[in-house]
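Shown here: run_22.csv, CSV, N, CA and C atoms.
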chain,number,residue,atom,x,y,z
L,5,GLY,N,1.0,-43.8,6.2
L,5,GLY,CA,0.2,-44.9,5.8
L,5,GLY,C,-1.2,-44.7,6.4
L,6,PRO,N,-2.2,-45.4,5.9
L,6,PRO,CA,-3.5,-45.3,6.4
L,6,PRO,C,-3.6,-45.7,7.8
L,7,GLY,N,-4.1,-44.8,8.7
L,7,GLY,CA,-4.3,-45.1,10.1
L,7,GLY,C,-3.1,-44.9,11.0
L,8,HIS,N,-1.9,-44.7,10.5
L,8,HIS,CA,-0.8,-44.5,11.4
L,8,HIS,C,0.3,-43.6,10.6
L,9,SER,N,1.1,-43.0,11.4
L,9,SER,CA,2.2,-42.2,10.8
L,9,SER,C,3.5,-42.4,11.4
L,10,VAL,N,4.6,-42.2,10.7
L,10,VAL,CA,5.9,-42.4,11.1
L,10,VAL,C,6.7,-41.1,10.9
L,11,VAL,N,7.4,-40.6,11.9
L,11,VAL,CA,8.2,-39.4,11.7
L,11,VAL,C,9.7,-39.8,12.0
L,12,VAL,N,10.6,-39.4,11.1
L,12,VAL,CA,12.0,-39.6,11.3
L,12,VAL,C,12.7,-38.2,11.5
L,13,THR,N,13.4,-38.0,12.6
L,13,THR,CA,14.0,-36.7,12.8
L,13,THR,C,15.3,-36.6,12.1
L,14,ASN,N,15.9,-35.4,12.0
L,14,ASN,CA,17.2,-35.2,11.4
L,14,ASN,C,18.3,-36.0,12.0
L,15,SER,N,18.1,-36.4,13.3
L,15,SER,CA,19.1,-37.2,14.0
L,15,SER,C,18.9,-38.7,13.9
L,16,GLY,N,17.8,-39.1,13.2
L,16,GLY,CA,17.5,-40.5,12.9
L,16,GLY,C,16.7,-41.1,13.9
L,17,GLU,N,16.1,-40.4,14.9
L,17,GLU,CA,15.1,-41.0,15.8
L,17,GLU,C,13.8,-41.2,15.1
L,18,VAL,N,13.0,-42.1,15.6
L,18,VAL,CA,11.7,-42.5,15.0
L,18,VAL,C,10.6,-42.3,16.0
L,19,TYR,N,9.6,-41.6,15.6
L,19,TYR,CA,8.3,-41.5,16.4
L,19,TYR,C,7.2,-42.0,15.5
L,20,THR,N,6.3,-42.8,16.2
L,20,THR,CA,5.1,-43.3,15.5
L,20,THR,C,3.9,-43.0,16.3
L,21,PHE,N,2.7,-42.9,15.6
L,21,PHE,CA,1.5,-42.7,16.3
L,21,PHE,C,0.3,-43.1,15.4
L,22,GLY,N,-0.8,-43.3,16.0
L,22,GLY,CA,-2.0,-43.7,15.3
L,22,GLY,C,-2.5,-45.1,15.7
L,23,SER,N,-3.1,-45.8,14.7
L,23,SER,CA,-3.5,-47.2,14.9
L,23,SER,C,-2.4,-48.1,15.1
L,24,SER,N,-2.5,-49.1,15.9
L,24,SER,CA,-1.5,-50.2,16.1
L,24,SER,C,-2.2,-51.5,16.1
L,25,SER,N,-3.3,-51.7,15.3
L,25,SER,CA,-4.0,-52.9,15.3
L,25,SER,C,-3.2,-54.1,14.9
L,26,SER,N,-2.1,-53.9,14.2
L,26,SER,CA,-1.3,-55.0,13.8
L,26,SER,C,0.1,-54.9,14.4
L,27,GLY,N,0.3,-54.0,15.3
L,27,GLY,CA,1.6,-53.8,15.9
L,27,GLY,C,2.5,-52.9,15.1
L,28,GLN,N,1.9,-52.2,14.1
L,28,GLN,CA,2.7,-51.4,13.2
L,28,GLN,C,3.4,-50.2,13.7
L,29,LEU,N,3.1,-49.8,15.0
L,29,LEU,CA,3.8,-48.7,15.6
L,29,LEU,C,5.1,-49.1,16.2
L,30,GLY,N,5.3,-50.4,16.4
L,30,GLY,CA,6.6,-50.9,16.8
L,30,GLY,C,6.9,-50.8,18.3
L,31,HIS,N,5.9,-50.5,19.1
L,31,HIS,CA,6.0,-50.3,20.6
L,31,HIS,C,5.8,-51.6,21.4
L,32,GLY,N,5.5,-52.7,20.7
L,32,GLY,CA,5.2,-54.0,21.3
L,32,GLY,C,3.8,-54.1,21.9
L,33,THR,N,2.9,-53.3,21.5
L,33,THR,CA,1.5,-53.4,21.9
L,33,THR,C,0.6,-53.1,20.8
L,34,LEU,N,-0.7,-53.4,21.0
L,34,LEU,CA,-1.7,-53.1,19.9
L,34,LEU,C,-2.5,-51.8,20.3
L,35,GLU,N,-2.0,-51.1,21.3
L,35,GLU,CA,-2.7,-49.9,21.7
L,35,GLU,C,-2.4,-48.7,20.8
L,36,GLU,N,-3.5,-47.9,20.5
L,36,GLU,CA,-3.3,-46.7,19.7
L,36,GLU,C,-2.5,-45.7,20.5
L,37,GLU,N,-1.8,-44.9,19.8
L,37,GLU,CA,-1.0,-43.8,20.3
L,37,GLU,C,-1.6,-42.5,19.7
L,38,TRP,N,-2.0,-41.6,20.5
L,38,TRP,CA,-2.6,-40.3,20.0
L,38,TRP,C,-1.6,-39.2,19.7
L,39,HIS,N,-0.4,-39.4,20.3
L,39,HIS,CA,0.7,-38.4,20.1
L,39,HIS,C,1.9,-39.1,19.7
L,40,PRO,N,2.8,-38.5,18.9
L,40,PRO,CA,4.0,-39.2,18.5
L,40,PRO,C,4.8,-39.7,19.7
L,41,ARG,N,5.2,-41.0,19.6
L,41,ARG,CA,5.9,-41.7,20.7
L,41,ARG,C,7.2,-42.2,20.1
L,42,LEU,N,8.3,-42.0,20.8
L,42,LEU,CA,9.6,-42.4,20.4
L,42,LEU,C,9.7,-43.9,20.4
L,43,LEU,N,10.3,-44.5,19.4
L,43,LEU,CA,10.6,-45.9,19.4
L,43,LEU,C,11.9,-46.2,20.1
L,44,LYS,N,11.7,-46.5,21.4
L,44,LYS,CA,12.9,-46.7,22.3
L,44,LYS,C,13.7,-48.0,21.9
L,45,SER,N,13.1,-48.9,21.3
L,45,SER,CA,13.8,-50.1,20.9
L,45,SER,C,14.9,-49.9,19.9
L,46,LEU,N,14.9,-48.7,19.2
L,46,LEU,CA,15.9,-48.4,18.2
L,46,LEU,C,16.9,-47.4,18.7
L,47,HIS,N,17.0,-47.3,20.0
L,47,HIS,CA,18.0,-46.3,20.6
L,47,HIS,C,19.4,-46.6,20.1
L,48,GLY,N,20.0,-45.6,19.6
L,48,GLY,CA,21.4,-45.8,19.1
L,48,GLY,C,21.4,-46.2,17.6
L,49,VAL,N,20.3,-46.4,17.0
L,49,VAL,CA,20.2,-46.7,15.6
L,49,VAL,C,19.7,-45.5,14.8
L,50,ARG,N,20.5,-45.1,13.8
L,50,ARG,CA,20.1,-43.9,13.0
L,50,ARG,C,19.3,-44.3,11.8
L,51,ILE,N,18.0,-44.0,11.8
L,51,ILE,CA,17.1,-44.3,10.7
L,51,ILE,C,17.2,-43.2,9.6
L,52,ILE,N,17.3,-43.7,8.4
L,52,ILE,CA,17.4,-42.7,7.3
L,52,ILE,C,16.2,-42.7,6.3
L,53,HIS,N,15.4,-43.8,6.4
L,53,HIS,CA,14.2,-43.8,5.6
L,53,HIS,C,13.1,-44.6,6.3
L,54,ALA,N,11.9,-44.2,6.1
L,54,ALA,CA,10.7,-44.9,6.7
L,54,ALA,C,9.6,-44.9,5.6
L,55,THR,N,8.8,-46.0,5.7
L,55,THR,CA,7.6,-46.1,4.9
L,55,THR,C,6.5,-46.7,5.7
L,56,ALA,N,5.3,-46.3,5.5
L,56,ALA,CA,4.1,-46.8,6.2
L,56,ALA,C,3.1,-47.3,5.2
L,57,GLY,N,2.6,-48.5,5.4
L,57,GLY,CA,1.5,-49.0,4.6
L,57,GLY,C,0.4,-49.5,5.5
L,58,VAL,N,-0.6,-50.1,4.9
L,58,VAL,CA,-1.7,-50.6,5.7
L,58,VAL,C,-1.3,-51.7,6.7
L,59,GLY,N,-1.3,-51.3,7.9
L,59,GLY,CA,-0.9,-52.3,9.0
L,59,GLY,C,0.6,-52.6,9.1
L,60,ARG,N,1.4,-51.8,8.5
L,60,ARG,CA,2.9,-52.1,8.6
L,60,ARG,C,3.7,-50.9,8.5
L,61,THR,N,4.9,-51.0,9.0
L,61,THR,CA,5.9,-49.9,9.0
L,61,THR,C,7.3,-50.6,8.6
L,62,MET,N,8.1,-50.0,7.8
L,62,MET,CA,9.4,-50.5,7.5
L,62,MET,C,10.4,-49.3,7.6
L,63,LEU,N,11.5,-49.6,8.1
L,63,LEU,CA,12.6,-48.5,8.4
L,63,LEU,C,13.9,-49.0,7.8
L,64,ILE,N,14.7,-48.1,7.4
L,64,ILE,CA,16.1,-48.5,7.0
L,64,ILE,C,17.1,-47.6,7.7
L,65,SER,N,18.1,-48.2,8.3
L,65,SER,CA,19.1,-47.5,9.0
L,65,SER,C,20.3,-47.0,8.1
L,66,ASP,N,21.1,-46.2,8.7
L,66,ASP,CA,22.2,-45.7,7.9
L,66,ASP,C,23.3,-46.8,7.7
L,67,ALA,N,23.1,-47.9,8.4
L,67,ALA,CA,24.0,-49.1,8.2
L,67,ALA,C,23.4,-50.1,7.2
L,68,GLY,N,22.2,-49.8,6.7
L,68,GLY,CA,21.6,-50.6,5.7
L,68,GLY,C,20.7,-51.7,6.3
L,69,GLN,N,20.5,-51.7,7.6
L,69,GLN,CA,19.6,-52.7,8.3
L,69,GLN,C,18.1,-52.3,8.0
L,70,VAL,N,17.3,-53.3,7.8
L,70,VAL,CA,15.9,-53.1,7.6
L,70,VAL,C,15.1,-53.5,8.9
L,71,TYR,N,14.2,-52.7,9.4
L,71,TYR,CA,13.4,-53.0,10.5
L,71,TYR,C,11.9,-53.0,10.0
L,72,ALA,N,11.1,-54.0,10.4
L,72,ALA,CA,9.7,-54.0,10.0
L,72,ALA,C,8.9,-54.3,11.2
L,73,PHE,N,7.7,-53.7,11.3
L,73,PHE,CA,6.7,-53.9,12.3
L,73,PHE,C,5.3,-54.0,11.7
L,74,GLY,N,4.5,-54.9,12.3
L,74,GLY,CA,3.1,-55.0,11.9
L,74,GLY,C,2.9,-56.2,11.0
L,75,LYS,N,1.8,-56.1,10.2
L,75,LYS,CA,1.3,-57.1,9.4
L,75,LYS,C,2.3,-57.6,8.4
L,76,ASP,N,2.5,-58.9,8.3
L,76,ASP,CA,3.3,-59.6,7.4
L,76,ASP,C,4.8,-59.2,7.5
L,77,SER,N,5.2,-58.8,8.7
L,77,SER,CA,6.6,-58.4,8.9
L,77,SER,C,7.6,-59.5,8.6
L,78,PHE,N,7.2,-60.7,8.8
L,78,PHE,CA,8.2,-61.8,8.6
L,78,PHE,C,7.7,-62.8,7.6
L,79,SER,N,6.9,-62.4,6.7
L,79,SER,CA,6.4,-63.3,5.6
L,79,SER,C,6.6,-62.7,4.3
L,80,ASP,N,6.0,-63.3,3.3
L,80,ASP,CA,6.1,-62.8,1.9
L,80,ASP,C,5.6,-61.4,1.7
L,81,PRO,N,6.2,-60.6,0.9
L,81,PRO,CA,5.7,-59.2,0.6
L,81,PRO,C,4.3,-59.3,0.0
L,82,GLU,N,3.5,-58.3,0.1
L,82,GLU,CA,2.2,-58.3,-0.5
L,82,GLU,C,2.3,-57.4,-1.7
L,83,TYR,N,1.9,-58.0,-2.8
L,83,TYR,CA,1.9,-57.3,-4.1
L,83,TYR,C,0.5,-56.8,-4.5
L,84,GLY,N,0.5,-55.7,-5.2
L,84,GLY,CA,-0.9,-55.3,-5.7
L,84,GLY,C,-0.8,-53.9,-6.3

Show how you would write the structure in this file as C-alpha cells.
Amino acid sequence: GPGHSVVVTNSGEVYTFGSSSSGQLGHGTLEEEWHPRLLKSLHGVRIIHATAGVGRTMLISDAGQVYAFGKDSFSDPEYG
C-alpha cells in the first residue's frame, strides 16, 4: 500500500514497515519503521493473506479471523 508494506512469511508471521500515521503498521504506535518489524501481537496466529491500503492494513488468518489496523479499522468500509 502507499507509504507502508506488509510481508507475510511462509510460516504465517507478519512484518510491517513504512509510515504508521494512522497506526496501520499494527505496532500500537504512530512511529515510522524503516526496517521490517515483526507483529508480536499476532504471536501464534498464522496469517495467510494480507492487504495494504492508504492508511490501513488487513490480515486473514488460517482460521478465518480478520485483523485490521489503521484508518477506519472499526467503521464502515471505504468505497471508491

Taking all atoms listed in the file into account, name the residue in L:His39, L:Ile52, L:Gly32, L:Gly7 that is nearest to Tyr19 of chain L.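 Ranking L:His39, L:Ile52, L:Gly32, L:Gly7 by distance to Tyr19 of chain L, first place goes to L:His39.
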
Near Gly68 of chain L, counting only C-alpha atoms, which residues have an atom at most 12 Å away, once you skip same-chain residues fewer than 3 positions from it, shown as a PyMOL selection string? chain L and resi 49-53+63-65+71

Separation of atom CA of Glu17 of chain L from atom CA of Val58 of chain L in Å: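 That distance, rounded to one decimal, is 21.8 Å.
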
Measuring between all atoms listed in the file, which one of L:Thr55, L:Ser45, L:Thr20, L:Gln28 shows the shortest distance to Gly74 of chain L? L:Gln28

With only C-alpha atoms as the counted atoms, please give the residues lying no more than 8 Å from Gly59 of chain L, apart from itself and same-chain residues fewer than 6 positions off, as a PDB file with N, CA and C atoms, in the frame of the given file.
ATOM      1  N   PRO L   6      -2.200 -45.400   5.900  1.00  0.00           N
ATOM      2  CA  PRO L   6      -3.500 -45.300   6.400  1.00  0.00           C
ATOM      3  C   PRO L   6      -3.600 -45.700   7.800  1.00  0.00           C
ATOM      4  N   SER L  24      -2.500 -49.100  15.900  1.00  0.00           N
ATOM      5  CA  SER L  24      -1.500 -50.200  16.100  1.00  0.00           C
ATOM      6  C   SER L  24      -2.200 -51.500  16.100  1.00  0.00           C
ATOM      7  N   SER L  25      -3.300 -51.700  15.300  1.00  0.00           N
ATOM      8  CA  SER L  25      -4.000 -52.900  15.300  1.00  0.00           C
ATOM      9  C   SER L  25      -3.200 -54.100  14.900  1.00  0.00           C
ATOM     10  N   SER L  26      -2.100 -53.900  14.200  1.00  0.00           N
ATOM     11  CA  SER L  26      -1.300 -55.000  13.800  1.00  0.00           C
ATOM     12  C   SER L  26       0.100 -54.900  14.400  1.00  0.00           C
ATOM     13  N   GLY L  27       0.300 -54.000  15.300  1.00  0.00           N
ATOM     14  CA  GLY L  27       1.600 -53.800  15.900  1.00  0.00           C
ATOM     15  C   GLY L  27       2.500 -52.900  15.100  1.00  0.00           C
ATOM     16  N   GLN L  28       1.900 -52.200  14.100  1.00  0.00           N
ATOM     17  CA  GLN L  28       2.700 -51.400  13.200  1.00  0.00           C
ATOM     18  C   GLN L  28       3.400 -50.200  13.700  1.00  0.00           C
ATOM     19  N   GLY L  74       4.500 -54.900  12.300  1.00  0.00           N
ATOM     20  CA  GLY L  74       3.100 -55.000  11.900  1.00  0.00           C
ATOM     21  C   GLY L  74       2.900 -56.200  11.000  1.00  0.00           C
ATOM     22  N   LYS L  75       1.800 -56.100  10.200  1.00  0.00           N
ATOM     23  CA  LYS L  75       1.300 -57.100   9.400  1.00  0.00           C
ATOM     24  C   LYS L  75       2.300 -57.600   8.400  1.00  0.00           C
TER      25      LYS L  75
END

Using DSSP assignments from the backbone, pull out every residue in segment 12-42 of chain L that falls under strand (DSSP E) and give it to me as a ChimeraX atom specification. /L:12,18-22,37-42

If I take atom N of Lys44 of chain L and atom N of Gly22 of chain L, how far is one from the other in Å, to one decimal?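 Taking atom N of Lys44 of chain L as the start and atom N of Gly22 of chain L as the end point, the length is 14.0 Å.
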
For a quick check of understanding, using only C-alpha atoms, which of L:Val11, L:Val18, L:Ala72, L:Leu34 has the smallest distance to Arg60 of chain L? L:Ala72

L:Val70, L:Ala54, L:Gly16, L:Leu43 ranked by distance to Leu29 of chain L, top pick (using all atoms listed in the file): L:Leu43
